[in-house]
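Content type compact mmCIF, C-alpha atoms, from the file start-v2.txt:
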```
# COMPACT_ATOMS: atom_id res chain seq x y z
CA MET A 12 98.37 128.27 40.71
CA THR A 13 97.66 124.61 40.43
CA ASP A 14 95.96 122.69 37.71
CA MET A 15 96.11 119.41 39.64
CA ALA A 16 93.59 117.94 42.04
CA THR A 17 94.14 118.67 45.72
CA ILE A 18 92.98 116.78 48.78
CA LEU A 19 91.57 119.16 51.37
CA GLY A 20 91.29 116.66 54.15
CA GLY A 21 89.36 113.75 55.54
CA LEU A 22 86.13 113.29 57.46
CA THR A 23 85.11 110.29 59.48
CA THR A 24 81.71 109.27 60.72
CA SER A 25 79.74 106.26 61.76
CA HIS A 26 77.17 105.18 59.18
CA ILE A 27 74.61 103.40 61.33
CA PRO A 28 71.28 102.81 59.53
CA ALA A 29 69.32 104.13 62.53
CA VAL A 30 70.89 107.55 61.78
CA GLY A 31 69.18 107.49 58.38
CA ASN A 32 65.88 106.84 60.09
CA ALA A 33 66.51 109.58 62.67
CA ILE A 34 67.15 112.07 59.83
CA ALA A 35 64.03 110.92 57.97
CA ARG A 36 61.94 111.34 61.11
CA GLY A 37 63.44 114.72 62.06
CA LEU A 38 64.87 113.56 65.40
CA LYS A 39 68.14 115.55 65.38
CA ASP A 40 67.22 117.50 68.50
CA ASP A 41 65.77 114.52 70.31
CA GLU A 42 67.49 113.84 73.64
CA TYR A 43 68.93 110.52 72.43
CA TRP A 44 70.24 111.90 69.14
CA LYS A 45 71.38 115.43 69.98
CA PRO A 46 74.85 114.54 71.37
CA PHE A 47 75.52 112.72 68.10
CA PHE A 48 74.19 115.29 65.64
CA ASP A 49 75.92 118.10 67.58
CA GLY A 50 79.19 116.71 66.21
CA TYR A 51 78.42 117.86 62.67
CA PRO A 52 77.87 121.68 62.47
CA PRO A 53 81.63 122.50 62.64
CA ILE A 54 82.11 120.14 59.69
CA HIS A 55 79.25 121.79 57.80
CA ALA A 56 80.94 125.16 58.29
CA TRP A 57 84.26 123.79 57.00
CA LEU A 58 82.58 122.22 53.97
CA GLU A 59 80.70 125.42 53.23
CA LYS A 60 83.97 127.34 53.34
CA HIS A 61 86.02 124.95 51.20
CA LYS A 62 83.33 123.51 48.93
CA PRO A 63 84.98 120.29 47.76
CA ASP A 64 84.06 119.27 44.20
CA VAL A 65 84.31 115.55 44.88
CA ALA A 66 83.86 113.31 47.91
CA ILE A 67 85.62 109.96 47.88
CA ASN A 68 83.28 107.95 50.09
CA ILE A 69 85.03 104.93 51.60
CA TYR A 70 82.54 102.54 53.16
CA ASN A 71 81.73 98.86 53.39
CA ASP A 72 78.75 97.44 51.57
CA HIS A 73 76.46 95.42 53.87
CA GLY A 74 74.63 93.27 51.34
CA LEU A 75 73.07 95.65 48.82
CA GLY A 76 75.68 96.28 46.13
CA PHE A 77 77.43 92.95 46.62
CA PHE A 78 76.41 89.50 47.75
CA LEU A 79 78.71 86.69 48.91
CA ASP A 80 78.59 85.16 45.41
CA GLN A 81 81.15 87.72 44.25
CA MET A 82 82.82 89.65 47.02
CA PRO A 83 85.49 92.17 46.00
CA THR A 84 88.07 93.03 48.63
CA PHE A 85 88.33 96.56 47.22
CA ALA A 86 85.77 97.95 44.78
CA ILE A 87 85.72 101.42 43.23
CA GLY A 88 82.66 102.98 41.63
CA ALA A 89 83.15 104.12 38.04
CA ALA A 90 79.62 105.28 37.30
CA HIS A 91 78.06 108.60 36.37
CA GLU A 92 75.57 108.13 39.17
CA TYR A 93 74.90 105.72 42.02
CA ILE A 94 71.47 104.58 43.02
CA ASN A 95 70.30 103.72 46.50
CA GLU A 96 67.85 100.82 46.87
CA ASP A 97 65.63 99.07 49.38
CA GLU A 98 67.82 97.33 51.97
CA GLY A 99 64.95 95.34 53.41
CA TRP A 100 64.32 97.01 56.74
CA GLY A 101 62.47 100.19 55.89
CA ILE A 102 65.17 102.89 55.73
CA PRO A 103 63.87 105.40 53.12
CA VAL A 104 65.34 105.07 49.62
CA LEU A 105 67.18 108.22 48.53
CA PRO A 106 67.54 109.81 45.07
CA PRO A 107 70.64 108.91 42.99
CA PHE A 108 74.05 110.40 43.82
CA PRO A 109 75.99 112.04 40.97
CA GLY A 110 79.41 110.46 40.34
CA ASP A 111 82.58 111.51 38.56
CA ALA A 112 83.35 108.60 36.27
CA LYS A 113 86.36 110.30 34.67
CA LEU A 114 88.10 110.76 38.01
CA SER A 115 87.09 107.21 38.99
CA TRP A 116 88.87 105.76 35.99
CA HIS A 117 91.91 107.92 36.66
CA ILE A 118 92.05 106.54 40.21
CA ILE A 119 91.55 102.96 39.00
CA GLU A 120 94.30 103.38 36.37
CA GLY A 121 96.66 104.88 38.91
CA MET A 122 96.05 102.31 41.61
CA VAL A 123 96.31 99.27 39.34
CA GLU A 124 99.54 100.75 37.98
CA ASP A 125 100.53 100.97 41.63
CA GLU A 126 99.79 97.22 41.97
CA PHE A 127 96.46 97.42 43.78
CA ASP A 128 93.98 95.00 42.25
CA ILE A 129 90.73 96.90 41.95
CA THR A 130 87.22 95.77 41.10
CA SER A 131 85.71 98.54 38.95
CA CYS A 132 81.94 99.05 39.09
CA GLN A 133 80.07 100.85 36.32
CA GLU A 134 76.89 100.15 38.23
CA LEU A 135 76.80 100.04 41.99
CA ALA A 136 73.84 100.33 44.33
CA VAL A 137 75.06 102.17 47.41
CA ASP A 138 73.72 101.27 50.85
CA HIS A 139 73.50 103.09 54.19
CA GLY A 140 77.26 102.85 54.60
CA PHE A 141 77.54 105.40 51.79
CA THR A 142 74.27 107.31 52.04
CA VAL A 143 74.18 108.08 55.79
CA PRO A 144 77.54 109.94 55.72
CA MET A 145 76.40 111.93 52.66
CA GLN A 146 73.27 112.93 54.57
CA LEU A 147 75.25 113.81 57.67
CA PHE A 148 77.84 115.95 55.90
CA TRP A 149 75.56 117.51 53.26
CA PRO A 150 72.11 117.83 54.83
CA GLY A 151 69.46 118.01 52.14
CA LEU A 152 71.65 116.12 49.66
CA GLY A 153 70.54 117.23 46.16
CA ASP A 154 68.86 120.32 47.64
CA ASN A 155 72.17 121.30 49.22
CA PRO A 156 74.02 123.55 46.72
CA ASP A 157 77.37 122.34 48.07
CA MET A 158 76.77 118.62 47.63
CA PRO A 159 79.80 117.27 45.75
CA ARG A 160 80.01 114.54 43.17
CA ALA A 161 80.80 111.29 44.91
CA ILE A 162 82.91 108.21 44.24
CA PRO A 163 82.12 105.15 46.36
CA ILE A 164 84.94 102.85 47.43
CA SER A 165 83.82 99.71 49.22
CA ALA A 166 86.11 97.40 51.19
CA ASN A 167 85.06 93.95 52.33
CA THR A 168 84.47 93.71 56.05
CA VAL A 169 81.52 91.32 55.69
CA GLN A 170 83.45 88.10 55.22
CA HIS A 171 86.89 87.11 56.48
CA PRO A 172 89.58 87.25 55.28
CA ILE A 173 89.25 91.03 55.40
CA PRO A 174 92.17 93.33 54.50
CA THR A 175 94.81 94.02 57.13
CA LEU A 176 95.11 97.45 58.71
CA LYS A 177 98.43 97.87 56.92
CA ARG A 178 96.84 97.09 53.58
CA ALA A 179 94.07 99.58 54.30
CA LEU A 180 96.56 102.35 55.10
CA ASP A 181 98.64 101.49 52.04
CA PHE A 182 95.50 101.51 49.92
CA GLY A 183 94.83 105.04 51.12
CA LYS A 184 98.37 106.15 50.30
CA SER A 185 98.00 104.84 46.76
CA LEU A 186 94.56 106.43 46.48
CA GLY A 187 96.04 109.74 47.57
CA ARG A 188 98.79 109.53 44.93
CA ALA A 189 96.22 108.75 42.25
CA ILE A 190 93.98 111.68 43.23
CA ARG A 191 96.87 114.16 43.39
CA SER A 192 98.00 113.15 39.90
CA TYR A 193 94.62 114.04 38.37
CA PRO A 194 95.27 116.92 35.97
CA GLU A 195 92.25 119.02 36.85
CA ASP A 196 91.90 121.84 39.32
CA ILE A 197 89.44 120.18 41.67
CA LYS A 198 89.18 119.91 45.44
CA VAL A 199 88.63 116.51 46.98
CA VAL A 200 87.54 115.40 50.45
CA VAL A 201 87.97 111.78 51.56
CA LEU A 202 85.39 110.16 53.83
CA GLY A 203 86.24 107.22 56.07
CA THR A 204 82.96 105.80 57.32
CA GLY A 205 81.79 103.11 59.72
CA GLY A 206 82.74 102.04 63.21
CA LEU A 207 83.78 102.61 65.75
CA SER A 208 83.56 99.65 68.15
CA HIS A 209 80.45 97.52 67.92
CA GLN A 210 79.34 93.93 67.74
CA LEU A 211 75.92 92.93 66.47
CA ASP A 212 76.22 89.16 66.52
CA GLY A 213 76.77 86.42 69.06
CA GLU A 214 76.65 86.24 72.83
CA ARG A 215 79.02 89.22 72.85
CA ALA A 216 76.46 91.42 71.03
CA GLY A 217 76.46 94.92 72.48
CA PHE A 218 80.21 95.00 73.03
CA ILE A 219 81.59 98.56 72.86
CA ASN A 220 85.17 99.53 73.79
CA LYS A 221 85.49 103.22 74.57
CA GLU A 222 89.15 103.06 75.53
CA PHE A 223 90.15 101.34 72.29
CA ASP A 224 88.07 103.75 70.19
CA GLN A 225 89.70 106.75 71.85
CA MET A 226 93.15 105.28 71.29
CA CYS A 227 92.30 104.79 67.59
CA MET A 228 91.02 108.36 67.27
CA GLU A 229 94.26 109.65 68.76
CA LYS A 230 96.66 107.45 66.82
CA ILE A 231 94.94 107.94 63.48
CA VAL A 232 96.00 111.57 63.72
CA THR A 233 99.48 111.21 65.16
CA ASP A 234 100.73 107.75 64.22
CA PRO A 235 98.57 105.64 61.90
CA GLU A 236 101.56 103.39 61.19
CA GLU A 237 101.42 102.24 64.81
CA LEU A 238 97.86 101.04 64.26
CA THR A 239 98.99 98.74 61.44
CA LYS A 240 100.57 96.51 64.09
CA ILE A 241 97.09 95.46 65.24
CA SER A 242 96.22 92.05 63.75
CA ARG A 243 92.78 91.47 62.33
CA ARG A 244 91.94 89.04 65.09
CA GLU A 245 93.02 91.58 67.68
CA LEU A 246 90.90 94.21 65.93
CA VAL A 247 87.84 91.95 66.24
CA ARG A 248 88.66 91.29 69.88
CA GLN A 249 89.16 94.97 70.75
CA ALA A 250 86.67 96.69 68.44
CA GLY A 251 83.99 94.00 68.14
CA ALA A 252 83.10 91.89 65.14
CA GLN A 253 81.77 94.85 63.16
CA GLY A 254 84.31 97.31 64.58
CA THR A 255 86.51 96.06 61.75
CA GLU A 256 84.94 98.96 59.85
CA PHE A 257 87.83 100.96 61.29
CA LEU A 258 89.64 99.74 58.17
CA MET A 259 87.78 102.43 56.25
CA TRP A 260 89.19 105.10 58.54
CA MET A 261 92.68 103.78 57.83
CA MET A 262 92.06 103.92 54.08
CA MET A 263 90.92 107.54 54.42
CA ARG A 264 93.91 108.40 56.59
CA GLY A 265 96.41 107.00 54.12
CA ALA A 266 95.11 109.33 51.40
CA LEU A 267 95.74 112.46 53.49
CA GLY A 268 99.54 112.28 53.56
CA GLU A 269 101.95 112.17 56.43
CA LYS A 270 100.71 115.07 58.53
CA VAL A 271 97.20 116.17 59.29
CA ARG A 272 95.69 118.89 61.44
CA PRO A 273 92.81 117.67 63.62
CA LEU A 274 90.19 120.42 63.49
CA HIS A 275 87.26 118.79 65.25
CA GLN A 276 86.10 115.58 66.79
CA ASN A 277 83.15 114.08 68.61
CA TYR A 278 82.62 110.70 70.26
CA HIS A 279 79.36 109.43 71.65
CA ILE A 280 78.10 106.15 73.12
CA PRO A 281 75.75 104.65 72.19
CA ILE A 282 74.14 105.23 68.83
CA SER A 283 72.23 102.03 68.23
CA ASN A 284 74.83 99.42 69.32
CA THR A 285 77.87 101.51 68.43
CA GLY A 286 80.50 103.89 69.73
CA ALA A 287 80.08 106.71 67.21
CA GLY A 288 83.18 108.69 66.22
CA THR A 289 83.30 111.82 64.09
CA MET A 290 86.51 113.56 63.03
CA MET A 291 87.62 116.34 60.72
CA LEU A 292 91.26 116.20 59.62
CA GLU A 293 92.83 118.78 57.35
CA CYS A 294 95.80 118.00 55.13
CA VAL A 295 98.98 119.87 56.02
CA ALA A 296 100.61 121.01 52.80
CA MET B 28 103.72 87.55 60.05
CA GLU B 29 103.05 85.01 62.78
CA PRO B 30 101.12 81.92 61.68
CA GLU B 31 98.42 82.55 64.28
CA ASP B 32 97.49 85.71 62.41
CA PHE B 33 95.86 83.40 59.88
CA ASP B 34 93.96 81.37 62.43
CA HIS B 35 90.63 83.10 62.63
CA HIS B 36 89.28 80.23 64.70
CA THR B 37 91.17 81.10 67.86
CA PRO B 38 88.15 81.69 70.03
CA ILE B 39 87.03 85.17 70.86
CA GLU B 40 84.41 84.87 73.55
CA GLY B 41 80.83 85.03 72.26
CA THR B 42 82.01 85.63 68.71
CA THR B 43 81.79 83.56 65.54
CA LEU B 44 84.01 85.01 62.84
CA PHE B 45 82.23 84.84 59.51
CA ASP B 46 84.99 83.34 57.38
CA GLY B 47 85.24 80.87 54.53
CA GLU B 48 84.26 77.97 56.74
CA MET B 49 81.05 79.67 57.92
CA ALA B 50 80.43 81.06 54.42
CA MET B 51 80.38 77.50 53.05
CA ILE B 52 77.90 76.34 55.68
CA GLY B 53 75.65 79.36 55.42
CA TYR B 54 75.44 80.16 51.73
CA ALA B 55 71.80 79.12 51.18
CA LEU B 56 70.59 80.93 54.31
CA ASN B 57 72.49 84.09 53.44
CA LYS B 58 71.29 83.98 49.85
CA MET B 59 67.70 83.74 51.06
CA CYS B 60 68.24 86.72 53.37
CA TYR B 61 69.87 88.72 50.56
CA SER B 62 66.68 88.24 48.53
CA PHE B 63 64.82 90.23 51.20
CA ASN B 64 66.20 93.46 49.76
CA ASN B 65 63.18 93.04 47.48
CA ALA B 66 59.74 93.92 48.90
CA GLU B 67 57.92 91.25 46.87
CA ALA B 68 60.32 88.62 48.15
CA ARG B 69 59.58 89.64 51.72
CA GLU B 70 55.84 89.23 51.09
CA GLN B 71 56.41 85.88 49.43
CA TYR B 72 58.40 84.70 52.44
CA LEU B 73 55.77 85.80 54.94
CA ALA B 74 53.01 84.15 52.91
CA ASP B 75 54.73 80.75 52.99
CA PRO B 76 58.08 80.52 54.81
CA GLU B 77 58.42 76.76 54.31
CA ALA B 78 58.10 77.06 50.53
CA TYR B 79 60.58 79.95 50.61
CA PHE B 80 63.11 77.82 52.57
CA GLU B 81 62.79 75.12 49.90
CA LYS B 82 63.27 77.61 47.09
CA PHE B 83 66.69 78.50 48.48
CA GLY B 84 67.59 74.97 49.59
CA LEU B 85 68.03 75.65 53.30
CA ASN B 86 69.14 72.69 55.40
CA GLU B 87 67.12 71.55 58.39
CA ALA B 88 69.20 73.44 60.97
CA GLN B 89 68.76 76.66 58.98
CA LYS B 90 65.02 76.11 58.58
CA GLN B 91 64.59 75.39 62.29
CA ALA B 92 66.63 78.46 63.27
CA CYS B 93 64.36 80.60 61.08
CA ARG B 94 61.20 78.97 62.44
CA ASN B 95 62.47 79.69 65.95
CA LYS B 96 63.48 83.24 64.92
CA ASN B 97 66.64 82.46 66.90
CA VAL B 98 69.64 84.52 65.84
CA LEU B 99 72.28 82.46 67.66
CA GLU B 100 70.98 79.33 65.91
CA MET B 101 71.07 81.15 62.58
CA ILE B 102 74.69 82.16 63.20
CA ALA B 103 75.60 78.57 64.10
CA ALA B 104 73.95 77.53 60.82
CA GLY B 105 76.26 79.87 58.90
CA GLY B 106 74.22 83.06 58.88
CA ASN B 107 76.03 86.37 58.45
CA ILE B 108 74.64 89.12 60.67
CA TYR B 109 74.33 91.71 57.89
CA TYR B 110 72.08 89.35 55.94
CA LEU B 111 70.26 88.06 59.01
CA ALA B 112 69.40 91.69 59.81
CA LYS B 113 67.25 91.73 56.68
CA LEU B 114 65.30 88.72 57.97
CA ALA B 115 65.01 90.34 61.40
CA GLY B 116 63.67 93.45 59.64
CA ILE B 117 60.76 91.43 58.25
CA TYR B 118 59.70 90.80 61.83
CA LYS B 119 60.34 94.48 62.73
CA LEU B 120 63.19 93.51 65.03
CA ASN B 121 65.98 96.07 65.31
CA MET B 122 69.57 95.64 66.50
CA GLN B 123 68.66 96.13 70.15
CA ASP B 124 65.92 93.52 69.88
CA ILE B 125 68.26 90.92 68.42
CA GLY B 126 71.07 91.98 70.75
CA ALA B 127 68.77 91.35 73.70
CA GLN B 128 67.74 88.00 72.27
CA GLN B 129 71.31 86.84 71.76
CA THR B 130 72.48 87.92 75.20
CA GLY B 131 69.39 86.65 77.03
CA MET B 132 68.57 90.12 78.35
CA SER B 133 65.45 92.23 78.21
CA VAL B 134 65.60 94.94 75.53
CA GLU B 135 65.63 97.59 78.27
CA ASP B 136 68.56 95.90 80.05
CA PHE B 137 70.42 95.56 76.77
CA LYS B 138 69.97 99.25 76.01
CA GLU B 139 71.20 100.07 79.52
CA LYS B 140 74.29 97.91 78.90
CA LEU B 141 74.98 99.93 75.74
CA ARG B 142 74.49 103.20 77.58
CA ARG B 143 76.83 102.14 80.37
CA ALA B 144 79.60 101.48 77.86
CA GLY B 145 79.86 105.27 77.62
CA ASP B 146 80.55 105.77 81.34
```

Target encoding structure tokens, full file:
Amino acid sequence: MTDMATILGGLTTSHIPAVGNAIARGLKDDEYWKPFFDGYPPIHAWLEKHKPDVAINIYNDHGLGFFLDQMPTFAIGAAHEYINEDEGWGIPVLPPFPGDAKLSWHIIEGMVEDEFDITSCQELAVDHGFTVPMQLFWPGLGDNPDMPRAIPISANTVQHPIPTLKRALDFGKSLGRAIRSYPEDIKVVVLGTGGLSHQLDGERAGFINKEFDQMCMEKIVTDPEELTKISRRELVRQAGAQGTEFLMWMMMRGALGEKVRPLHQNYHIPISNTGAGTMMLECVA
Amino acid sequence: MEPEDFDHHTPIEGTTLFDGEMAMIGYALNKMCYSFNNAEAREQYLADPEAYFEKFGLNEAQKQACRNKNVLEMIAAGGNIYYLAKLAGIYKLNMQDIGAQQTGMSVEDFKEKLRRAGD
């Protein structure tokens, strides 16, 4: 019998805005979208079985919650709820997401004690990077009885210098320690969102690297430490300029502990301009 | 760590890393694009783009890139793609449209290139 928080596992997904539009327009069974959305029912079944109380949603803001005037490298939401707002291109605005401010502050306390310098956010507008994964994992959102409270964690991948892969993994390890030291009997799932390979800008726009993505999906299970040897420049070269979002997967992975059990995965090219990866990893006690 | 790990300017073909150097050049342009999160701002821009450029203090290269609706020129003028996407959205251009523009392909050919990456 435990009275401490436990981490059930981690989920990864791309968070492409076009997915939000596809959901809004009911296109899940459309020929283009089906191979992508088919990656989610096994995760829905797992979530329905385990019913996590809280989702730690690790994403990168793309210019809604933060502008370049003040750009935190790592920001953690500490609000009772998080609003979604107009991002400028017509993706529907969603109702607010309930938070867990008490757990947020526990995590912030723990991680700063652990020498991570955190930007705490008592107000934070969350963009598609956060909302699309919530929609994918908990269809119906507020109408879904299993939708957990959520804590957004945003890492900067908008403007270099971005964190290193090692820092991202270490961040996750510290996050995991902080969650597991929370003296309440709650179940937590950690989301690593974004990626995989894609590049939106420049003459190399449309770059996707299937081989690299598949290597990352393998190593993140078996040997995430190996991935920390990839420099940031190499990550841009191999994953594309926006494929740096793989950092969020590393942050998620660090929180899960040394060993994980891969329960399900899906990979599909292309969704919009991206190689879309979905994974379900369970913590091994 | 090797010193070259810090050199983000080592060229990667067809890629401009948005770093401090580009952030300094592009601040006004990116700030203008950030304002487009707001629907009224988008209308104001469409009603009088030149006045809107002035409001945010865009330089001539940035103004011309916007007049030309040319994404590569915007990037050269310091634009960050996540913010530029909000400007593209005003003109109803999606990521395949601007991908095609930047690579000099038709939208159909660009989509085919994406599809083939899965082979």

task = Compute the chain A side of the contact with chain B at 6 Å, counting all atoms listed in the file, and hand it back as a list in words.
result =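 Within 6 Å of chain B on chain A, we get His73, Asp97, Glu98, Gly99, Trp100, Gln170, His171, Gly213, Glu214, Arg215, Ala216, Ile280 and Pro281 of chain A.
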
ask   = Which residues come within 10 Å of Pro273 in chain A, counting all atoms listed in the file, excluding same-chain residues fewer than 3 positions away, as a list in words?
value =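 That gives Gly20, Gly21, Glu229, Ile231, Val232, Thr233, Lys270, Gln276, Met290, Met291, Leu292, Glu293 and Cys294 of chain A.
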
query = Just how far from CA of Gly187 in chain A is CA of His139 in chain A, in Å to one decimal?
reply =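 It comes out at 24.4 Å.
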
Around all the atoms of range 109-123 of chain A listed in the file, draw an axis-aligned box and extend it by 8 Å on each of the six sides; I want its centre and edge lengths in Å to one decimal, as lines of an AutoDock Vina configuration file.
```
center_x = 86.3
center_y = 105.7
center_z = 38.1
size_x = 36.7
size_y = 28.8
size_z = 22.9
```

task = Please return, as number ranges by chain, all polymer residues that have at least one atom within 7 Å of the point (86.4, 101.9, 56.0); use all atoms listed in the file and the file's own coordinate frame.
result = A: 69-71, 166, 203-205, 256-262

request  = State, in Å with one decimal place, the distance from CA of Thr17 in chain A to CA of Arg191 in chain A.
outcome  =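 So the two atoms, CA of Thr17 in chain A and CA of Arg191 in chain A, lie 5.8 Å apart.
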
query = Of the candidates B:Met101, B:Leu56, B:Met51, B:Val134, which shows the shortest atom-to-atom distance to Lys82 in chain B, using all atoms listed in the file?
reply =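 Using all atoms listed in the file, Lys82 in chain B sits closest to B:Leu56.
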